[in-house]
file start-v6.csv (CSV, C-alpha atoms)
chain,number,residue,atom,x,y,z
A,8,MET,CA,-23.4,3.5,-12.7
A,9,SER,CA,-23.1,0.0,-11.1
A,10,GLY,CA,-19.3,0.3,-11.4
A,11,PHE,CA,-19.5,3.4,-9.3
A,12,PHE,CA,-21.6,1.8,-6.6
A,13,ALA,CA,-19.4,-1.3,-6.6
A,14,GLY,CA,-16.3,0.9,-6.1
A,15,VAL,CA,-18.0,2.8,-3.2
A,16,ARG,CA,-19.1,-0.5,-1.6
A,17,ASN,CA,-15.5,-1.8,-1.9
A,18,ARG,CA,-14.0,1.3,-0.3
A,19,VAL,CA,-16.5,1.3,2.6
A,20,LEU,CA,-15.8,-2.4,3.3
A,21,GLN,CA,-12.0,-1.6,3.2
A,22,GLN,CA,-12.4,1.3,5.7
A,23,VAL,CA,-14.5,-0.8,8.1
A,24,ALA,CA,-12.1,-3.7,7.9
A,25,ARG,CA,-9.1,-1.5,8.8
A,26,SER,CA,-10.5,-0.8,12.3
A,27,ALA,CA,-13.1,-3.5,12.9
A,28,PRO,CA,-12.5,-6.1,15.7
A,29,GLY,CA,-12.0,-9.7,14.8
A,30,ALA,CA,-8.6,-10.4,13.3
A,31,ARG,CA,-9.6,-14.0,12.5
A,32,SER,CA,-13.3,-13.4,11.9
A,33,ILE,CA,-14.8,-10.0,10.9
A,34,ARG,CA,-11.8,-8.5,9.1
A,35,PRO,CA,-11.2,-11.5,6.9
A,36,LEU,CA,-14.9,-11.7,6.2
A,37,LEU,CA,-15.1,-8.1,5.1
A,38,HIS,CA,-12.1,-8.6,2.7
A,39,LYS,CA,-13.8,-11.8,1.3
A,40,TRP,CA,-16.8,-9.6,0.6
A,41,ARG,CA,-14.5,-7.2,-1.2
A,42,GLY,CA,-13.2,-10.0,-3.5
A,43,VAL,CA,-9.9,-11.0,-1.8
A,44,THR,CA,-9.4,-14.8,-2.1
A,45,LEU,CA,-8.7,-16.0,1.5
A,46,GLY,CA,-7.9,-19.4,2.9
A,47,GLN,CA,-8.8,-20.7,6.3
A,48,ARG,CA,-7.5,-19.3,9.6
A,49,VAL,CA,-6.2,-16.0,8.2
A,50,TRP,CA,-5.3,-13.4,10.7
A,51,ILE,CA,-5.5,-9.7,9.6
A,52,GLY,CA,-4.2,-7.0,11.9
A,53,TYR,CA,-5.5,-3.5,12.4
A,54,ASP,CA,-5.1,-0.9,9.8
A,55,CYS,CA,-4.1,-3.3,6.9
A,56,VAL,CA,-4.8,-2.1,3.4
A,57,LEU,CA,-5.4,-4.9,0.9
A,58,GLU,CA,-5.4,-3.3,-2.6
A,59,THR,CA,-8.0,-0.6,-2.5
A,60,SER,CA,-9.4,-0.8,-6.1
A,61,ARG,CA,-8.8,-4.4,-7.3
A,62,PRO,CA,-9.0,-6.8,-4.3
A,63,HIS,CA,-9.7,-9.7,-6.6
A,64,LEU,CA,-6.0,-9.6,-7.6
A,65,ILE,CA,-5.0,-10.9,-4.1
A,66,ARG,CA,-4.8,-14.6,-3.1
A,67,ILE,CA,-4.1,-15.5,0.5
A,68,GLY,CA,-3.6,-19.1,1.6
A,69,ASN,CA,-4.3,-20.9,4.9
A,70,ASP,CA,-2.8,-19.9,8.2
A,71,VAL,CA,-1.5,-16.6,7.0
A,72,VAL,CA,-0.7,-13.7,9.4
A,73,LEU,CA,-0.8,-10.1,8.3
A,74,SER,CA,0.4,-7.9,11.2
A,75,ILE,CA,-0.7,-4.4,11.9
A,76,ARG,CA,-0.4,-1.9,9.0
A,77,VAL,CA,0.5,-4.3,6.3
A,78,LEU,CA,0.0,-2.8,2.8
A,79,LEU,CA,-0.7,-5.1,-0.3
A,80,VAL,CA,-0.5,-3.2,-3.6
A,81,ALA,CA,-1.7,-5.7,-6.3
A,82,HIS,CA,-1.4,-3.6,-9.5
A,83,PHE,CA,0.9,-1.0,-10.9
A,84,HIS,CA,2.2,-0.3,-14.5
A,85,GLY,CA,1.2,-3.7,-15.9
A,86,GLN,CA,2.3,-5.8,-12.8
A,87,THR,CA,-0.7,-7.5,-11.3
A,88,GLY,CA,-1.6,-9.8,-8.5
A,89,ILE,CA,-0.1,-10.9,-5.2
A,90,THR,CA,-0.1,-14.5,-3.8
A,91,LEU,CA,0.7,-15.3,-0.2
A,92,GLU,CA,0.9,-19.1,0.1
A,93,ASP,CA,0.1,-21.1,3.2
A,94,GLU,CA,1.7,-20.3,6.6
A,95,VAL,CA,3.2,-16.9,5.5
A,96,PHE,CA,3.9,-14.3,8.3
A,97,VAL,CA,4.1,-10.7,7.3
A,98,GLY,CA,5.4,-8.3,10.0
A,99,PRO,CA,4.1,-4.9,11.0
A,100,GLY,CA,4.3,-2.1,8.4
A,101,ALA,CA,5.5,-4.4,5.6
A,102,ILE,CA,4.6,-3.5,2.0
A,103,ILE,CA,4.1,-6.2,-0.7
A,104,LEU,CA,4.2,-4.9,-4.2
A,105,PRO,CA,2.5,-6.3,-7.4
A,106,GLY,CA,3.7,-9.4,-9.2
A,107,VAL,CA,5.0,-11.0,-5.9
A,108,THR,CA,4.4,-14.5,-4.7
A,109,ILE,CA,5.5,-15.3,-1.1
A,110,GLY,CA,6.2,-19.0,-0.7
A,111,LYS,CA,4.8,-21.3,1.9
A,112,GLY,CA,6.2,-20.7,5.4
A,113,ALA,CA,8.1,-17.5,4.4
A,114,VAL,CA,8.5,-14.6,6.8
A,115,VAL,CA,8.6,-10.9,5.9
A,116,THR,CA,10.1,-8.9,8.7
A,117,ALA,CA,8.7,-5.6,10.0
A,118,GLY,CA,8.9,-2.6,7.7
A,119,SER,CA,10.2,-4.6,4.7
A,120,VAL,CA,9.3,-3.7,1.1
A,121,VAL,CA,8.9,-6.8,-1.0
A,122,SER,CA,9.3,-6.2,-4.7
A,123,THR,CA,10.3,-9.7,-5.9
A,124,SER,CA,8.9,-13.2,-5.1
A,125,VAL,CA,10.1,-15.0,-1.9
A,126,PRO,CA,11.0,-18.7,-1.9
A,127,PRO,CA,9.2,-21.0,0.6
A,128,ARG,CA,10.6,-21.0,4.2
A,129,THR,CA,12.7,-17.9,3.6
A,130,VAL,CA,13.0,-14.9,5.9
A,131,VAL,CA,13.3,-11.6,4.1
A,132,GLN,CA,14.2,-8.1,5.5
A,133,GLY,CA,14.8,-4.6,4.3
A,134,ASN,CA,14.0,-2.2,1.5
A,135,PRO,CA,14.2,-3.8,-0.9
A,136,ALA,CA,13.6,-7.0,1.0
A,137,ARG,CA,16.5,-9.5,0.7
A,138,ALA,CA,16.7,-13.1,2.0
A,139,ILE,CA,18.6,-13.2,5.3
A,140,ALA,CA,17.7,-16.7,6.5
A,141,THR,CA,15.8,-20.0,6.0
A,142,SER,CA,13.7,-21.8,8.5
A,143,GLU,CA,12.3,-25.3,8.7
A,144,VAL,CA,9.6,-24.2,11.2
A,145,SER,CA,6.7,-22.0,10.2
A,146,LEU,CA,6.2,-18.8,12.4
A,147,THR,CA,2.4,-19.2,12.1
A,148,ALA,CA,2.4,-22.8,13.2
A,149,ASP,CA,1.6,-24.0,16.8
A,150,ALA,CA,5.3,-24.6,17.4
A,151,PRO,CA,6.9,-22.5,20.1
A,152,ILE,CA,8.7,-19.4,18.9
A,153,GLU,CA,12.0,-20.7,20.4
A,154,LEU,CA,11.7,-23.7,17.9
A,155,PHE,CA,11.4,-21.2,15.1
A,156,TYR,CA,14.4,-19.2,16.2
A,157,ARG,CA,16.5,-22.4,16.6
A,158,SER,CA,15.6,-23.5,13.1
A,159,LEU,CA,16.9,-20.3,11.5
A,160,ARG,CA,19.9,-20.7,9.2
A,161,PRO,CA,21.5,-17.5,8.0
A,162,ILE,CA,22.1,-16.9,4.3
A,163,ARG,CA,25.5,-15.4,3.5
A,164,SER,CA,25.5,-12.9,0.7
A,165,ALA,CA,28.0,-13.1,-2.1
A,166,SER,CA,29.6,-9.7,-0.9
A,167,ALA,CA,29.9,-11.0,2.7
A,168,ALA,CA,31.6,-14.2,1.5
A,169,THR,CA,34.1,-12.2,-0.6
A,170,THR,CA,34.8,-9.8,2.4
A,171,ALA,CA,35.4,-12.8,4.7
A,172,GLN,CA,38.1,-14.2,2.4

call {"tool": "encode", "arguments": {"input": "start-v6.csv", "output": "structure tokens"}}
result
Amino acid sequence: MSGFFAGVRNRVLQQVARSAPGARSIRPLLHKWRGVTLGQRVWIGYDCVLETSRPHLIRIGNDVVLSIRVLLVAHFHGQTGITLEDEVFVGPGAIILPGVTIGKGAVVTAGSVVSTSVPPRTVVQGNPARAIATSEVSLTADAPIELFYRSLRPIRSASAATTAQ
């Protein structure tokens, strides 16, 4: 019966974390109590769902930002675990699927669905998420947003390169 009560405790903490105040304090603490591995200075927006039944499969590094309504699904048909390395920014409404590692300083744009791992300092967008740019400046750092924008370098896809010729 202890498994039942642990599951209920986990679900209650998840529901409280979705609407509790404290993006850098209370919400991260509640998810730590659930079993999510969290680094320092993690920011978790309102209405985020971090793996309802197996939170221990999620590892989040330092200085990570999860915007409003981010969904992390850490297990499905044999795929398990999600890792967000340091300085990752995940935009509003993004979905991260199992088996994914998002590299240091990467950016997932709003509404993207990430089904494959993302290299460090890469900006991904879409469903499924595709690399659209690289950046030398982290979006979660103290640097001004203008510096992040100026450091972006577009990635040309193979089909765009063929079309241009």

call {"tool": "closest_atom_pairs", "arguments": {"input": "start-v6.csv", "of": "range 99-144 of chain A", "to": "range 75-85 of chain A", "cutoff": "7 Å", "atoms": "only C-alpha atoms", "output": "Markdown table"}}
result
| residue | atom | partner | partner_atom | distance |
| --- | --- | --- | --- | --- |
| A:Pro99 | CA | A:Ile75 | CA | 4.9 |
| A:Gly100 | CA | A:Arg76 | CA | 4.7 |
| A:Ala101 | CA | A:Val77 | CA | 5.0 |
| A:Ile102 | CA | A:Leu78 | CA | 4.7 |
| A:Ile103 | CA | A:Leu79 | CA | 4.9 |
| A:Leu104 | CA | A:Val80 | CA | 5.0 |
| A:Pro105 | CA | A:Ala81 | CA | 4.4 |

call {"tool": "residues_around", "arguments": {"input": "start-v6.csv", "residues": "Ile51 in chain A", "least_positions_apart": "5", "cutoff": "7 Å", "atoms": "all atoms listed in the file", "output": "list in words"}}
result
Ala30, Arg31, Arg34, Pro35, Val72, Leu73 and Ser74 of chain A

call {"tool": "atom_distance", "arguments": {"input": "start-v6.csv", "atom1": "CA of Ala27 in chain A", "atom2": "CA of Val121 in chain A"}}
result
26.2 Å

call {"tool": "atom_distance", "arguments": {"input": "start-v6.csv", "atom1": "CA of Glu92 in chain A", "atom2": "CA of Arg157 in chain A"}}
result
22.9 Å

call {"tool": "closest_residue", "arguments": {"input": "start-v6.csv", "among": "A:Thr90, A:Gln47, A:His38, A:Ser60", "to": "Gly10 in chain A", "atoms": "all atoms listed in the file"}}
result
A:Ser60

call {"tool": "closest_residue", "arguments": {"input": "start-v6.csv", "among": "A:Asn69, A:Thr59, A:Ser26, A:Ser119", "to": "Gly42 in chain A", "atoms": "all atoms listed in the file"}}
result
A:Thr59

call {"tool": "residues_around", "arguments": {"input": "start-v6.csv", "residues": "range 138-140 of chain A", "least_positions_apart": "2", "cutoff": "7 Å", "atoms": "all atoms listed in the file", "output": "count of residues only"}}
result
10

call {"tool": "atom_distance", "arguments": {"input": "start-v6.csv", "atom1": "CA of Gly46 in chain A", "atom2": "CA of Gln21 in chain A"}}
result
18.3 Å

call {"tool": "closest_residue", "arguments": {"input": "start-v6.csv", "among": "A:Gly112, A:Val23, A:Gly118, A:Trp40", "to": "Gly98 in chain A", "atoms": "only C-alpha atoms"}}
result
A:Gly118

call {"tool": "closest_residue", "arguments": {"input": "start-v6.csv", "among": "A:Gly110, A:Val43, A:Ser145, A:Ala117", "to": "Ser158 in chain A", "atoms": "only C-alpha atoms"}}
result
A:Ser145

call {"tool": "decode", "arguments": {"input": "start-v6.csv", "residues": "range 116-129 of chain A", "atoms": "all heavy atoms", "output": "PDB file, in the first residue's frame"}}
result
ATOM      1  N   THR A 116      12.199  26.862 -28.496  1.00  0.00           N
ATOM      2  CA  THR A 116      11.247  27.953 -28.679  1.00  0.00           C
ATOM      3  C   THR A 116       9.833  27.530 -28.291  1.00  0.00           C
ATOM      4  O   THR A 116       9.527  26.341 -28.176  1.00  0.00           O
ATOM      5  CB  THR A 116      11.261  28.476 -30.123  1.00  0.00           C
ATOM      6  OG1 THR A 116      10.851  27.420 -30.986  1.00  0.00           O
ATOM      7  CG2 THR A 116      12.640  28.982 -30.518  1.00  0.00           C
ATOM      8  N   ALA A 117       8.966  28.515 -28.115  1.00  0.00           N
ATOM      9  CA  ALA A 117       7.593  28.309 -27.673  1.00  0.00           C
ATOM     10  C   ALA A 117       6.855  27.311 -28.563  1.00  0.00           C
ATOM     11  O   ALA A 117       6.943  27.368 -29.784  1.00  0.00           O
ATOM     12  CB  ALA A 117       6.846  29.640 -27.666  1.00  0.00           C
ATOM     13  N   GLY A 118       6.144  26.388 -27.920  1.00  0.00           N
ATOM     14  CA  GLY A 118       5.301  25.447 -28.632  1.00  0.00           C
ATOM     15  C   GLY A 118       6.018  24.319 -29.353  1.00  0.00           C
ATOM     16  O   GLY A 118       5.385  23.510 -30.012  1.00  0.00           O
ATOM     17  N   SER A 119       7.326  24.240 -29.218  1.00  0.00           N
ATOM     18  CA  SER A 119       8.084  23.190 -29.911  1.00  0.00           C
ATOM     19  C   SER A 119       7.890  21.837 -29.246  1.00  0.00           C
ATOM     20  O   SER A 119       7.653  21.752 -28.037  1.00  0.00           O
ATOM     21  CB  SER A 119       9.574  23.536 -29.922  1.00  0.00           C
ATOM     22  OG  SER A 119       9.792  24.704 -30.680  1.00  0.00           O
ATOM     23  N   VAL A 120       8.001  20.772 -30.043  1.00  0.00           N
ATOM     24  CA  VAL A 120       7.935  19.404 -29.532  1.00  0.00           C
ATOM     25  C   VAL A 120       9.292  18.766 -29.808  1.00  0.00           C
ATOM     26  O   VAL A 120       9.655  18.533 -30.961  1.00  0.00           O
ATOM     27  CB  VAL A 120       6.805  18.597 -30.209  1.00  0.00           C
ATOM     28  CG1 VAL A 120       6.793  17.169 -29.688  1.00  0.00           C
ATOM     29  CG2 VAL A 120       5.458  19.277 -29.966  1.00  0.00           C
ATOM     30  N   VAL A 121      10.029  18.488 -28.736  1.00  0.00           N
ATOM     31  CA  VAL A 121      11.395  17.984 -28.863  1.00  0.00           C
ATOM     32  C   VAL A 121      11.395  16.474 -28.671  1.00  0.00           C
ATOM     33  O   VAL A 121      11.117  15.979 -27.583  1.00  0.00           O
ATOM     34  CB  VAL A 121      12.340  18.658 -27.841  1.00  0.00           C
ATOM     35  CG1 VAL A 121      13.768  18.174 -28.030  1.00  0.00           C
ATOM     36  CG2 VAL A 121      12.265  20.169 -27.954  1.00  0.00           C
ATOM     37  N   SER A 122      11.720  15.744 -29.744  1.00  0.00           N
ATOM     38  CA  SER A 122      11.721  14.283 -29.697  1.00  0.00           C
ATOM     39  C   SER A 122      13.123  13.695 -29.859  1.00  0.00           C
ATOM     40  O   SER A 122      13.290  12.484 -29.720  1.00  0.00           O
ATOM     41  CB  SER A 122      10.786  13.718 -30.770  1.00  0.00           C
ATOM     42  OG  SER A 122      11.178  14.182 -32.046  1.00  0.00           O
ATOM     43  N   THR A 123      14.108  14.530 -30.201  1.00  0.00           N
ATOM     44  CA  THR A 123      15.498  14.075 -30.306  1.00  0.00           C
ATOM     45  C   THR A 123      16.384  15.044 -29.530  1.00  0.00           C
ATOM     46  O   THR A 123      16.014  16.208 -29.307  1.00  0.00           O
ATOM     47  CB  THR A 123      15.980  14.023 -31.769  1.00  0.00           C
ATOM     48  OG1 THR A 123      15.870  15.321 -32.352  1.00  0.00           O
ATOM     49  CG2 THR A 123      15.171  13.029 -32.584  1.00  0.00           C
ATOM     50  N   SER A 124      17.549  14.578 -29.139  1.00  0.00           N
ATOM     51  CA  SER A 124      18.453  15.399 -28.341  1.00  0.00           C
ATOM     52  C   SER A 124      18.894  16.651 -29.086  1.00  0.00           C
ATOM     53  O   SER A 124      18.940  16.671 -30.319  1.00  0.00           O
ATOM     54  CB  SER A 124      19.660  14.580 -27.909  1.00  0.00           C
ATOM     55  OG  SER A 124      19.240  13.583 -26.981  1.00  0.00           O
ATOM     56  N   VAL A 125      19.212  17.698 -28.330  1.00  0.00           N
ATOM     57  CA  VAL A 125      19.579  19.002 -28.874  1.00  0.00           C
ATOM     58  C   VAL A 125      21.025  19.298 -28.471  1.00  0.00           C
ATOM     59  O   VAL A 125      21.353  19.246 -27.286  1.00  0.00           O
ATOM     60  CB  VAL A 125      18.641  20.103 -28.322  1.00  0.00           C
ATOM     61  CG1 VAL A 125      19.060  21.478 -28.817  1.00  0.00           C
ATOM     62  CG2 VAL A 125      17.188  19.802 -28.674  1.00  0.00           C
ATOM     63  N   PRO A 126      21.894  19.624 -29.439  1.00  0.00           N
ATOM     64  CA  PRO A 126      23.283  19.946 -29.107  1.00  0.00           C
ATOM     65  C   PRO A 126      23.380  21.227 -28.270  1.00  0.00           C
ATOM     66  O   PRO A 126      22.467  22.063 -28.296  1.00  0.00           O
ATOM     67  CB  PRO A 126      23.949  20.160 -30.468  1.00  0.00           C
ATOM     68  CG  PRO A 126      23.025  19.569 -31.465  1.00  0.00           C
ATOM     69  CD  PRO A 126      21.657  19.641 -30.879  1.00  0.00           C
ATOM     70  N   PRO A 127      24.481  21.413 -27.564  1.00  0.00           N
ATOM     71  CA  PRO A 127      24.677  22.651 -26.799  1.00  0.00           C
ATOM     72  C   PRO A 127      24.595  23.882 -27.703  1.00  0.00           C
ATOM     73  O   PRO A 127      24.930  23.820 -28.889  1.00  0.00           O
ATOM     74  CB  PRO A 127      26.094  22.500 -26.234  1.00  0.00           C
ATOM     75  CG  PRO A 127      26.342  21.027 -26.223  1.00  0.00           C
ATOM     76  CD  PRO A 127      25.590  20.478 -27.397  1.00  0.00           C
ATOM     77  N   ARG A 128      24.116  24.992 -27.105  1.00  0.00           N
ATOM     78  CA  ARG A 128      24.069  26.306 -27.763  1.00  0.00           C
ATOM     79  C   ARG A 128      23.304  26.300 -29.091  1.00  0.00           C
ATOM     80  O   ARG A 128      23.628  27.025 -30.017  1.00  0.00           O
ATOM     81  CB  ARG A 128      25.466  26.848 -27.987  1.00  0.00           C
ATOM     82  CG  ARG A 128      26.293  26.954 -26.748  1.00  0.00           C
ATOM     83  CD  ARG A 128      26.131  28.297 -26.134  1.00  0.00           C
ATOM     84  NE  ARG A 128      27.028  28.420 -24.977  1.00  0.00           N
ATOM     85  CZ  ARG A 128      26.649  28.915 -23.825  1.00  0.00           C
ATOM     86  NH1 ARG A 128      25.435  29.331 -23.654  1.00  0.00           N
ATOM     87  NH2 ARG A 128      27.500  28.993 -22.828  1.00  0.00           N
ATOM     88  N   THR A 129      22.288  25.455 -29.180  1.00  0.00           N
ATOM     89  CA  THR A 129      21.473  25.348 -30.391  1.00  0.00           C
ATOM     90  C   THR A 129      20.059  25.813 -30.092  1.00  0.00           C
ATOM     91  O   THR A 129      19.515  25.520 -29.026  1.00  0.00           O
ATOM     92  CB  THR A 129      21.458  23.885 -30.896  1.00  0.00           C
ATOM     93  OG1 THR A 129      22.802  23.471 -31.133  1.00  0.00           O
ATOM     94  CG2 THR A 129      20.650  23.737 -32.159  1.00  0.00           C
TER      95      THR A 129
END
